[in-house]
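Shown next: work-v3.txt, containing compact mmCIF, C-alpha atoms and all ligand atoms.
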```
# COMPACT_ATOMS: atom_id res chain seq x y z
CA MET A 1 103.59 32.00 -22.36
CA PHE A 2 105.77 34.64 -24.08
CA ASP A 3 104.62 33.47 -27.51
CA ARG A 4 101.07 34.01 -26.28
CA ILE A 5 101.59 37.56 -24.99
CA ALA A 6 103.99 38.77 -27.73
CA ARG A 7 101.34 40.95 -29.40
CA VAL A 8 100.61 42.96 -26.22
CA TYR A 9 104.09 42.77 -24.64
CA ASP A 10 105.48 46.16 -25.75
CA ARG A 11 102.30 48.05 -24.94
CA MET A 12 102.08 46.42 -21.49
CA ASN A 13 105.72 47.36 -20.78
CA SER A 14 105.03 50.99 -21.59
CA VAL A 15 101.85 51.09 -19.49
CA MET A 16 103.30 49.18 -16.49
CA THR A 17 106.47 51.31 -16.32
CA VAL A 18 104.88 54.59 -17.49
CA GLY A 19 107.40 54.54 -20.35
CA MET A 20 110.42 54.41 -18.02
CA HIS A 21 111.71 51.05 -19.29
CA HIS A 22 113.52 52.77 -22.18
CA ARG A 23 115.63 54.79 -19.74
CA TRP A 24 116.50 51.61 -17.76
CA ARG A 25 117.59 49.88 -20.97
CA GLN A 26 119.79 52.86 -21.84
CA ARG A 27 121.53 52.57 -18.46
CA ALA A 28 122.01 48.83 -18.93
CA ALA A 29 123.50 49.44 -22.40
CA ASP A 30 125.83 52.11 -20.91
CA LEU A 31 127.06 49.60 -18.32
CA ALA A 32 127.84 47.08 -21.09
CA GLN A 33 130.46 49.64 -22.23
CA VAL A 34 130.15 48.75 -25.88
CA ARG A 35 131.66 50.78 -28.67
CA SER A 36 131.21 51.15 -32.38
CA GLY A 37 132.22 47.91 -34.12
CA ASP A 38 131.75 45.68 -31.04
CA ARG A 39 129.82 42.40 -31.14
CA VAL A 40 127.18 42.06 -28.42
CA LEU A 41 124.76 39.28 -27.47
CA ASP A 42 121.40 40.15 -25.92
CA VAL A 43 120.10 36.99 -24.25
CA ALA A 44 116.31 36.43 -23.83
CA THR A 45 115.90 39.46 -26.08
CA GLY A 46 112.10 39.13 -26.43
CA THR A 47 110.80 41.94 -28.66
CA GLY A 48 114.33 43.32 -28.91
CA ASP A 49 114.24 46.70 -27.13
CA LEU A 50 117.55 46.23 -25.29
CA ALA A 51 119.18 44.82 -28.44
CA ILE A 52 118.03 47.93 -30.33
CA GLU A 53 119.53 50.18 -27.63
CA LEU A 54 122.84 48.28 -27.91
CA GLU A 55 122.82 48.50 -31.70
CA ARG A 56 122.72 52.31 -31.41
CA ARG A 57 126.17 51.98 -29.81
CA THR A 58 127.77 49.21 -31.92
CA GLY A 59 126.40 50.26 -35.30
CA PRO A 60 124.52 48.02 -37.75
CA GLY A 61 125.31 44.31 -37.62
CA GLY A 62 126.96 44.38 -34.18
CA VAL A 63 124.17 42.85 -32.12
CA VAL A 64 122.70 39.35 -31.92
CA GLY A 65 119.45 38.97 -29.97
CA MET A 66 118.45 35.45 -28.95
CA ASP A 67 115.30 34.05 -27.36
CA PHE A 68 113.27 30.87 -27.49
CA ALA A 69 109.90 32.52 -28.19
CA GLU A 70 109.50 32.85 -31.98
CA ALA A 71 106.48 35.17 -31.73
CA MET A 72 108.54 37.64 -29.63
CA LEU A 73 111.40 37.41 -32.15
CA ASP A 74 109.04 38.11 -35.08
CA ILE A 75 108.11 41.43 -33.48
CA ALA A 76 111.78 42.20 -32.76
CA ARG A 77 112.69 41.52 -36.40
CA SER A 78 109.97 43.86 -37.65
CA LYS A 79 111.33 46.65 -35.40
CA ALA A 80 115.05 46.31 -36.14
CA PRO A 81 116.15 44.73 -39.42
CA ALA A 82 119.85 45.55 -38.71
CA VAL A 83 119.91 43.33 -35.61
CA THR A 84 120.28 39.55 -36.03
CA PHE A 85 117.54 37.77 -34.06
CA GLU A 86 117.96 34.02 -33.53
CA GLN A 87 116.01 31.37 -31.73
CA GLY A 88 117.88 29.47 -29.02
CA ASN A 89 118.12 28.45 -25.38
CA ALA A 90 119.93 30.80 -22.98
CA LEU A 91 120.97 27.81 -20.88
CA GLU A 92 122.79 26.21 -23.84
CA LEU A 93 124.10 29.03 -26.00
CA SER A 94 125.16 27.89 -29.43
CA TYR A 95 128.02 30.44 -29.68
CA PRO A 96 131.75 29.67 -29.25
CA ASP A 97 133.69 30.76 -26.14
CA HIS A 98 134.77 34.44 -26.07
CA SER A 99 132.88 35.29 -29.27
CA PHE A 100 131.28 38.56 -28.03
CA ASP A 101 132.56 41.80 -26.49
CA ALA A 102 129.60 41.88 -24.07
CA ALA A 103 126.42 40.01 -23.18
CA THR A 104 123.25 41.46 -21.67
CA VAL A 105 119.93 40.19 -20.40
CA GLY A 106 116.93 42.46 -19.75
CA PHE A 107 114.04 41.20 -17.61
CA GLY A 108 114.91 37.67 -18.75
CA ALA A 109 117.17 36.20 -16.03
CA ARG A 110 114.19 35.90 -13.67
CA ASN A 111 112.65 33.47 -16.16
CA PHE A 112 115.68 31.18 -16.46
CA SER A 113 114.91 27.74 -15.03
CA ASP A 114 118.58 27.60 -13.91
CA LEU A 115 119.92 31.10 -13.16
CA GLY A 116 123.50 29.95 -12.41
CA ARG A 117 123.73 28.13 -15.70
CA GLY A 118 122.30 31.08 -17.69
CA LEU A 119 124.84 33.47 -16.15
CA ALA A 120 127.69 30.99 -16.69
CA GLU A 121 126.72 30.68 -20.36
CA MET A 122 126.71 34.48 -20.80
CA THR A 123 130.15 34.63 -19.15
CA ARG A 124 131.51 31.83 -21.35
CA VAL A 125 130.67 33.56 -24.65
CA VAL A 126 132.22 36.93 -23.71
CA ARG A 127 135.93 37.64 -24.29
CA PRO A 128 138.24 38.37 -21.35
CA GLY A 129 137.79 42.00 -20.32
CA GLY A 130 134.26 42.10 -21.77
CA ARG A 131 131.13 42.84 -19.76
CA VAL A 132 128.06 40.92 -18.64
CA VAL A 133 125.00 43.01 -17.65
CA VAL A 134 121.75 41.90 -15.99
CA LEU A 135 118.76 44.29 -15.89
CA GLU A 136 115.99 43.05 -13.60
CA ILE A 137 113.05 44.01 -11.43
CA THR A 138 113.79 43.66 -7.74
CA THR A 139 111.66 43.85 -4.61
CA PRO A 140 112.17 47.05 -2.61
CA GLN A 141 112.51 46.30 1.11
CA ARG A 142 111.66 49.61 2.73
CA PRO A 143 108.30 51.38 3.07
CA PRO A 144 106.72 53.34 1.52
CA LEU A 145 108.07 51.94 -1.76
CA SER A 146 107.61 48.33 -0.64
CA TRP A 147 103.89 49.06 -0.03
CA PHE A 148 103.49 50.75 -3.40
CA PHE A 149 105.36 47.88 -5.09
CA ARG A 150 103.09 45.27 -3.51
CA MET A 151 99.94 47.11 -4.52
CA TRP A 152 101.22 47.75 -8.05
CA PHE A 153 102.41 44.19 -8.72
CA ASP A 154 99.82 42.19 -6.82
CA ARG A 155 96.73 44.17 -7.82
CA ILE A 156 97.25 46.63 -10.69
CA VAL A 157 99.53 44.52 -12.94
CA PRO A 158 97.27 41.38 -12.92
CA GLY A 159 94.29 43.72 -13.57
CA LEU A 160 96.08 45.27 -16.55
CA GLY A 161 96.90 41.73 -17.73
CA ARG A 162 93.20 40.84 -17.59
CA VAL A 163 92.39 43.86 -19.76
CA ALA A 164 95.16 42.85 -22.17
CA GLY A 165 93.63 39.35 -22.37
CA ASP A 166 96.14 37.26 -20.38
CA SER A 167 95.78 37.49 -16.63
CA ASP A 168 97.86 34.30 -16.05
CA ALA A 169 100.96 35.85 -17.61
CA TYR A 170 100.64 39.01 -15.56
CA THR A 171 100.03 37.06 -12.35
CA TYR A 172 103.18 35.08 -13.13
CA LEU A 173 105.17 38.35 -13.38
CA PRO A 174 104.92 39.38 -9.68
CA SER A 175 105.47 35.81 -8.49
CA SER A 176 108.61 35.49 -10.64
CA VAL A 177 109.94 38.77 -9.19
CA ARG A 178 109.28 37.57 -5.63
CA ARG A 179 111.16 34.30 -6.26
CA PHE A 180 114.18 36.06 -7.79
CA PRO A 181 117.27 36.75 -5.61
CA GLY A 182 117.65 40.25 -4.15
CA PRO A 183 120.47 42.56 -5.35
CA LYS A 184 123.15 41.22 -2.97
CA GLU A 185 122.34 37.56 -3.67
CA LEU A 186 122.24 38.21 -7.42
CA GLY A 187 125.66 39.89 -7.12
CA GLY A 188 126.85 36.63 -5.52
CA GLU A 189 125.45 34.65 -8.47
CA LEU A 190 127.47 36.81 -10.90
CA VAL A 191 130.62 36.13 -8.89
CA ALA A 192 129.78 32.39 -8.84
CA ALA A 193 129.43 32.53 -12.64
CA GLY A 194 133.08 33.61 -12.79
CA LEU A 195 132.76 37.40 -13.15
CA THR A 196 134.97 39.94 -11.39
CA ASP A 197 134.42 43.61 -10.56
CA VAL A 198 130.75 42.84 -9.84
CA ARG A 199 128.61 45.90 -9.00
CA TRP A 200 125.01 46.94 -9.16
CA VAL A 201 122.96 50.10 -9.29
CA LEU A 202 119.41 50.42 -8.03
CA THR A 203 117.10 52.83 -9.79
CA ALA A 204 113.38 53.75 -9.93
CA GLY A 205 113.34 53.96 -6.13
CA GLY A 206 114.90 50.51 -5.73
CA ILE A 207 112.51 48.63 -8.04
CA ILE A 208 115.08 48.12 -10.80
CA ALA A 209 118.54 46.58 -10.34
CA ILE A 210 121.26 46.65 -12.99
CA HIS A 211 124.13 44.28 -12.20
CA SER A 212 127.37 44.16 -14.15
CA GLY A 213 130.62 42.24 -14.06
CA THR A 214 133.77 41.76 -16.11
CA VAL A 215 135.07 38.51 -17.61
CA PRO A 216 138.51 37.94 -16.07
CA GLY A 217 141.66 36.99 -17.93
C1 LIG B 1 110.09 39.34 -19.75
S1 LIG B 1 110.70 38.90 -21.32
C2 LIG B 1 112.04 40.03 -21.55
C3 LIG B 1 112.24 40.40 -22.98
C4 LIG B 1 113.25 41.51 -23.28
N1 LIG B 1 114.59 41.13 -22.93
C5 LIG B 1 112.91 42.81 -22.61
O1 LIG B 1 113.82 43.46 -22.08
O2 LIG B 1 111.75 43.25 -22.67
C6 LIG B 1 111.56 37.40 -20.96
C7 LIG B 1 112.04 36.66 -22.20
O3 LIG B 1 112.92 35.63 -21.76
C8 LIG B 1 112.80 34.58 -22.70
N2 LIG B 1 113.41 33.38 -22.10
C9 LIG B 1 113.20 32.87 -20.86
N3 LIG B 1 113.97 31.81 -20.65
C10 LIG B 1 114.71 31.64 -21.78
C11 LIG B 1 115.70 30.70 -22.18
N4 LIG B 1 116.10 29.71 -21.38
N5 LIG B 1 116.24 30.82 -23.41
C12 LIG B 1 115.85 31.81 -24.24
N6 LIG B 1 114.92 32.73 -23.93
C13 LIG B 1 114.36 32.64 -22.70
C14 LIG B 1 111.30 34.51 -22.95
O4 LIG B 1 110.98 33.81 -24.13
C15 LIG B 1 110.93 36.00 -23.01
O5 LIG B 1 110.95 36.50 -24.32
```
Can you give me the file's structure in the form of structure tokens?
Ligand SMILES: C[S@@+](CC[C@H](N)C(=O)[O-])C[C@H]1O[C@@H](n2cnc3c(N)ncnc32)[C@H](O)[C@@H]1O
Amino acid sequence: MFDRIARVYDRMNSVMTVGMHHRWRQRAADLAQVRSGDRVLDVATGTGDLAIELERRTGPGGVVGMDFAEAMLDIARSKAPAVTFEQGNALELSYPDHSFDAATVGFGARNFSDLGRGLAEMTRVVRPGGRVVVLEITTPQRPPLSWFFRMWFDRIVPGLGRVAGDSDAYTYLPSSVRRFPGPKELGGELVAAGLTDVRWVLTAGGIIAIHSGTVPG
């Protein structure tokens, strides 16, 4: 599906979030607490926007972005030649234990067929003291935002997807958000993956959750 929508993915992100997704990625990159010279892995990197944000902090050559959709990676490569983009499976990362200073995932965890395993893999490849960050859409519980959210995701987003030429993909998006654990449950998944100091911030009126944790040791 992501190979199919790669060409329209960035434009749809900008339209659906009214350009706000860049600000959310900046906050996620801040929470990864990376510095110049660090090595960071961006899992399910897609067209690479979070990896690019991280590379602004590490400097050239510090970031690896991985994903299994080659068409998404092709676009990422054309945007950021200084980032290494590699094909792979987030549930079976091909990197040694403790080989990164931080690992991030932006709007990708919701697509993992096994969330616990994806988070455990991210935790495994980060050194003790390093950070794991998950940026995701979440379902606001309280009106009026919950009403707005339902209208936006159930009606407007699939309509925009139809205009962009792939209504299936943009019908899948709201259903994948609905299936995904809420902020507290996701916090529990990070703890179960072995992370400590687990916290989350909600932004955009409670539509976006950014979870973070530290690898113990
Ligand atoms: C909604 S896109 C997010 C892309 C990007 N991280 C962003 O912030 O825009 C989800 C991405 O997750 C990738 N993905 C889902 N499951 C994966 C897995 N098990 N291994 C690697 N990539 C995966 C998809 O190929 C897709 O590019």
Kindly provide the residues of chain A that approach ligand LIG 1 (chain B) to within 7 Å, each paired with its closest atom pair and their distance in Å to one decimal, based on all atoms listed in the file, listed by chain and increasing number, as a Markdown table.
```
| residue | atom | partner | partner_atom | distance |
| --- | --- | --- | --- | --- |
| A:Phe2 | CA | B:LIG1 | O4 | 5.3 |
| A:Val43 | CA | B:LIG1 | C12 | 6.7 |
| A:Ala44 | CA | B:LIG1 | N6 | 4.0 |
| A:Thr45 | CA | B:LIG1 | N1 | 3.8 |
| A:Gly46 | CA | B:LIG1 | O5 | 3.6 |
| A:Thr47 | CA | B:LIG1 | C4 | 5.9 |
| A:Gly48 | CA | B:LIG1 | C4 | 6.0 |
| A:Asp49 | CA | B:LIG1 | O1 | 6.0 |
| A:Leu50 | CA | B:LIG1 | O1 | 5.6 |
| A:Met66 | CA | B:LIG1 | C12 | 6.5 |
| A:Asp67 | CA | B:LIG1 | N6 | 3.7 |
| A:Phe68 | CA | B:LIG1 | C12 | 4.3 |
| A:Ala69 | CA | B:LIG1 | O4 | 4.4 |
| A:Met72 | CA | B:LIG1 | O5 | 5.9 |
| A:Gly88 | CA | B:LIG1 | C12 | 5.7 |
| A:Asn89 | CA | B:LIG1 | N5 | 3.6 |
| A:Ala90 | CA | B:LIG1 | N5 | 3.7 |
| A:Leu91 | CA | B:LIG1 | N4 | 5.3 |
| A:Val105 | CA | B:LIG1 | N1 | 6.0 |
| A:Gly106 | CA | B:LIG1 | O1 | 4.0 |
| A:Phe107 | CA | B:LIG1 | C2 | 4.6 |
| A:Gly108 | CA | B:LIG1 | C6 | 4.0 |
| A:Asn111 | CA | B:LIG1 | C9 | 4.8 |
| A:Phe112 | CA | B:LIG1 | N3 | 4.6 |
| A:Ser113 | CA | B:LIG1 | N4 | 6.8 |
```
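Of the listed residues (A:Asp74, A:Glu136, A:Asp101, A:Pro96), A:Asp101 comes nearest to Thr58 in chain A; the distances count all atoms listed in the file.
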Computed gap from CA of Arg131 in chain A to CA of Arg56 in chain A is 17.2 Å
Using all atoms listed in the file, determine which residues lie at most 10 Å from Thr104 in chain A, disregarding the query and same-chain residues fewer than 5 positions distant; provide the list as a PDB file with C-alpha atoms, in the coordinates of the input.
```pdb
ATOM      1  CA  ALA A  28     122.010  48.830 -18.930  1.00  0.00           C
ATOM      2  CA  ALA A  29     123.500  49.440 -22.400  1.00  0.00           C
ATOM      3  CA  LEU A  31     127.060  49.600 -18.320  1.00  0.00           C
ATOM      4  CA  ALA A  32     127.840  47.080 -21.090  1.00  0.00           C
ATOM      5  CA  VAL A  40     127.180  42.060 -28.420  1.00  0.00           C
ATOM      6  CA  LEU A  41     124.760  39.280 -27.470  1.00  0.00           C
ATOM      7  CA  ASP A  42     121.400  40.150 -25.920  1.00  0.00           C
ATOM      8  CA  VAL A  43     120.100  36.990 -24.250  1.00  0.00           C
ATOM      9  CA  ALA A  44     116.310  36.430 -23.830  1.00  0.00           C
ATOM     10  CA  THR A  45     115.900  39.460 -26.080  1.00  0.00           C
ATOM     11  CA  LEU A  50     117.550  46.230 -25.290  1.00  0.00           C
ATOM     12  CA  ALA A  51     119.180  44.820 -28.440  1.00  0.00           C
ATOM     13  CA  LEU A  54     122.840  48.280 -27.910  1.00  0.00           C
ATOM     14  CA  GLY A  65     119.450  38.970 -29.970  1.00  0.00           C
ATOM     15  CA  ALA A 109     117.170  36.200 -16.030  1.00  0.00           C
ATOM     16  CA  LEU A 119     124.840  33.470 -16.150  1.00  0.00           C
ATOM     17  CA  MET A 122     126.710  34.480 -20.800  1.00  0.00           C
ATOM     18  CA  ARG A 131     131.130  42.840 -19.760  1.00  0.00           C
ATOM     19  CA  VAL A 132     128.060  40.920 -18.640  1.00  0.00           C
ATOM     20  CA  VAL A 133     125.000  43.010 -17.650  1.00  0.00           C
ATOM     21  CA  VAL A 134     121.750  41.900 -15.990  1.00  0.00           C
ATOM     22  CA  LEU A 135     118.760  44.290 -15.890  1.00  0.00           C
ATOM     23  CA  HIS A 211     124.130  44.280 -12.200  1.00  0.00           C
ATOM     24  CA  SER A 212     127.370  44.160 -14.150  1.00  0.00           C
TER      25      SER A 212
END
```
For range 180-184 of chain A, work out the shell of residues within 12 Å, counting only C-alpha atoms and skipping chain neighbours fewer than 4 positions away, then give it as number ranges by chain. A: 107-116, 134-141, 173-176, 188-191, 198-203, 206-212
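Distance-wise, CA of Glu185 in chain A and CA of Pro144 in chain A end up 22.8 Å apart.
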Looking at all atoms listed in the file, which of A:Met16, A:Ala192, A:Met1, A:Ala6 is the one that sits closest to Phe153 in chain A? A:Met16
Polymer residues at most 12 Å from Ile156 in chain A, all atoms listed in the file, same-chain spacing of 3 or more positions, as a ChimeraX atom specification: /A:12,15-17,148-153,159-163,167,170-171,173-174
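The space between CA of Val125 in chain A and CA of Ala71 in chain A spans 25.3 Å.
Among the candidates A:His98, A:Glu53, A:Ala80, A:Asp38, the one nearest to Arg25 in chain A when counting all atoms listed in the file is A:Glu53.
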Please produce range 24-51 of chain A, completed to N, CA and C atoms, as a PDB file, in the frame of the given file.
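Saved result, rebuild04.pdb, follows:
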```
ATOM      1  N   TRP A  24     115.782  52.683 -18.463  1.00  0.00           N
ATOM      2  CA  TRP A  24     116.500  51.610 -17.760  1.00  0.00           C
ATOM      3  C   TRP A  24     117.356  50.809 -18.751  1.00  0.00           C
ATOM      4  N   ARG A  25     116.818  50.605 -19.957  1.00  0.00           N
ATOM      5  CA  ARG A  25     117.590  49.880 -20.970  1.00  0.00           C
ATOM      6  C   ARG A  25     118.810  50.683 -21.391  1.00  0.00           C
ATOM      7  N   GLN A  26     118.634  52.022 -21.484  1.00  0.00           N
ATOM      8  CA  GLN A  26     119.790  52.860 -21.840  1.00  0.00           C
ATOM      9  C   GLN A  26     120.897  52.713 -20.799  1.00  0.00           C
ATOM     10  N   ARG A  27     120.521  52.704 -19.527  1.00  0.00           N
ATOM     11  CA  ARG A  27     121.530  52.570 -18.460  1.00  0.00           C
ATOM     12  C   ARG A  27     122.213  51.208 -18.529  1.00  0.00           C
ATOM     13  N   ALA A  28     121.419  50.175 -18.817  1.00  0.00           N
ATOM     14  CA  ALA A  28     122.010  48.830 -18.930  1.00  0.00           C
ATOM     15  C   ALA A  28     122.995  48.796 -20.107  1.00  0.00           C
ATOM     16  N   ALA A  29     122.614  49.418 -21.224  1.00  0.00           N
ATOM     17  CA  ALA A  29     123.500  49.440 -22.400  1.00  0.00           C
ATOM     18  C   ALA A  29     124.769  50.243 -22.082  1.00  0.00           C
ATOM     19  N   ASP A  30     124.636  51.325 -21.306  1.00  0.00           N
ATOM     20  CA  ASP A  30     125.830  52.110 -20.910  1.00  0.00           C
ATOM     21  C   ASP A  30     126.784  51.222 -20.116  1.00  0.00           C
ATOM     22  N   LEU A  31     126.217  50.429 -19.187  1.00  0.00           N
ATOM     23  CA  LEU A  31     127.060  49.600 -18.320  1.00  0.00           C
ATOM     24  C   LEU A  31     127.727  48.452 -19.092  1.00  0.00           C
ATOM     25  N   ALA A  32     127.196  48.115 -20.263  1.00  0.00           N
ATOM     26  CA  ALA A  32     127.840  47.080 -21.090  1.00  0.00           C
ATOM     27  C   ALA A  32     129.111  47.637 -21.741  1.00  0.00           C
ATOM     28  N   GLN A  33     129.262  48.952 -21.726  1.00  0.00           N
ATOM     29  CA  GLN A  33     130.460  49.640 -22.230  1.00  0.00           C
ATOM     30  C   GLN A  33     130.846  49.215 -23.636  1.00  0.00           C
ATOM     31  N   VAL A  34     129.844  49.169 -24.518  1.00  0.00           N
ATOM     32  CA  VAL A  34     130.150  48.750 -25.880  1.00  0.00           C
ATOM     33  C   VAL A  34     130.446  49.965 -26.759  1.00  0.00           C
ATOM     34  N   ARG A  35     131.272  49.695 -27.769  1.00  0.00           N
ATOM     35  CA  ARG A  35     131.660  50.780 -28.670  1.00  0.00           C
ATOM     36  C   ARG A  35     131.332  50.408 -30.105  1.00  0.00           C
ATOM     37  N   SER A  36     131.460  51.377 -30.963  1.00  0.00           N
ATOM     38  CA  SER A  36     131.210  51.150 -32.380  1.00  0.00           C
ATOM     39  C   SER A  36     132.086  49.984 -32.868  1.00  0.00           C
ATOM     40  N   GLY A  37     131.478  49.051 -33.573  1.00  0.00           N
ATOM     41  CA  GLY A  37     132.220  47.910 -34.120  1.00  0.00           C
ATOM     42  C   GLY A  37     132.238  46.689 -33.212  1.00  0.00           C
ATOM     43  N   ASP A  38     131.783  46.833 -31.955  1.00  0.00           N
ATOM     44  CA  ASP A  38     131.750  45.680 -31.040  1.00  0.00           C
ATOM     45  C   ASP A  38     130.671  44.685 -31.463  1.00  0.00           C
ATOM     46  N   ARG A  39     130.842  43.441 -30.950  1.00  0.00           N
ATOM     47  CA  ARG A  39     129.820  42.400 -31.140  1.00  0.00           C
ATOM     48  C   ARG A  39     129.190  42.101 -29.782  1.00  0.00           C
ATOM     49  N   VAL A  40     127.863  42.217 -29.706  1.00  0.00           N
ATOM     50  CA  VAL A  40     127.180  42.060 -28.420  1.00  0.00           C
ATOM     51  C   VAL A  40     126.039  41.050 -28.553  1.00  0.00           C
ATOM     52  N   LEU A  41     125.868  40.238 -27.498  1.00  0.00           N
ATOM     53  CA  LEU A  41     124.760  39.280 -27.470  1.00  0.00           C
ATOM     54  C   LEU A  41     123.734  39.737 -26.440  1.00  0.00           C
ATOM     55  N   ASP A  42     122.482  39.873 -26.869  1.00  0.00           N
ATOM     56  CA  ASP A  42     121.400  40.150 -25.920  1.00  0.00           C
ATOM     57  C   ASP A  42     120.590  38.869 -25.746  1.00  0.00           C
ATOM     58  N   VAL A  43     120.728  38.282 -24.565  1.00  0.00           N
ATOM     59  CA  VAL A  43     120.100  36.990 -24.250  1.00  0.00           C
ATOM     60  C   VAL A  43     118.651  37.225 -23.818  1.00  0.00           C
ATOM     61  N   ALA A  44     117.743  36.297 -24.178  1.00  0.00           N
ATOM     62  CA  ALA A  44     116.310  36.430 -23.830  1.00  0.00           C
ATOM     63  C   ALA A  44     115.808  37.798 -24.287  1.00  0.00           C
ATOM     64  N   THR A  45     116.103  38.110 -25.534  1.00  0.00           N
ATOM     65  CA  THR A  45     115.900  39.460 -26.080  1.00  0.00           C
ATOM     66  C   THR A  45     114.429  39.840 -26.242  1.00  0.00           C
ATOM     67  N   GLY A  46     113.541  38.845 -26.303  1.00  0.00           N
ATOM     68  CA  GLY A  46     112.100  39.130 -26.430  1.00  0.00           C
ATOM     69  C   GLY A  46     111.797  39.939 -27.672  1.00  0.00           C
ATOM     70  N   THR A  47     111.149  41.095 -27.503  1.00  0.00           N
ATOM     71  CA  THR A  47     110.800  41.940 -28.660  1.00  0.00           C
ATOM     72  C   THR A  47     111.932  42.906 -29.011  1.00  0.00           C
ATOM     73  N   GLY A  48     113.108  42.703 -28.414  1.00  0.00           N
ATOM     74  CA  GLY A  48     114.330  43.320 -28.910  1.00  0.00           C
ATOM     75  C   GLY A  48     114.679  44.730 -28.442  1.00  0.00           C
ATOM     76  N   ASP A  49     113.966  45.299 -27.470  1.00  0.00           N
ATOM     77  CA  ASP A  49     114.240  46.700 -27.130  1.00  0.00           C
ATOM     78  C   ASP A  49     115.657  46.953 -26.596  1.00  0.00           C
ATOM     79  N   LEU A  50     116.181  46.029 -25.791  1.00  0.00           N
ATOM     80  CA  LEU A  50     117.550  46.230 -25.290  1.00  0.00           C
ATOM     81  C   LEU A  50     118.568  46.021 -26.424  1.00  0.00           C
ATOM     82  N   ALA A  51     118.293  45.049 -27.289  1.00  0.00           N
ATOM     83  CA  ALA A  51     119.180  44.820 -28.440  1.00  0.00           C
ATOM     84  C   ALA A  51     119.243  46.068 -29.323  1.00  0.00           C
TER      85      ALA A  51
END
```
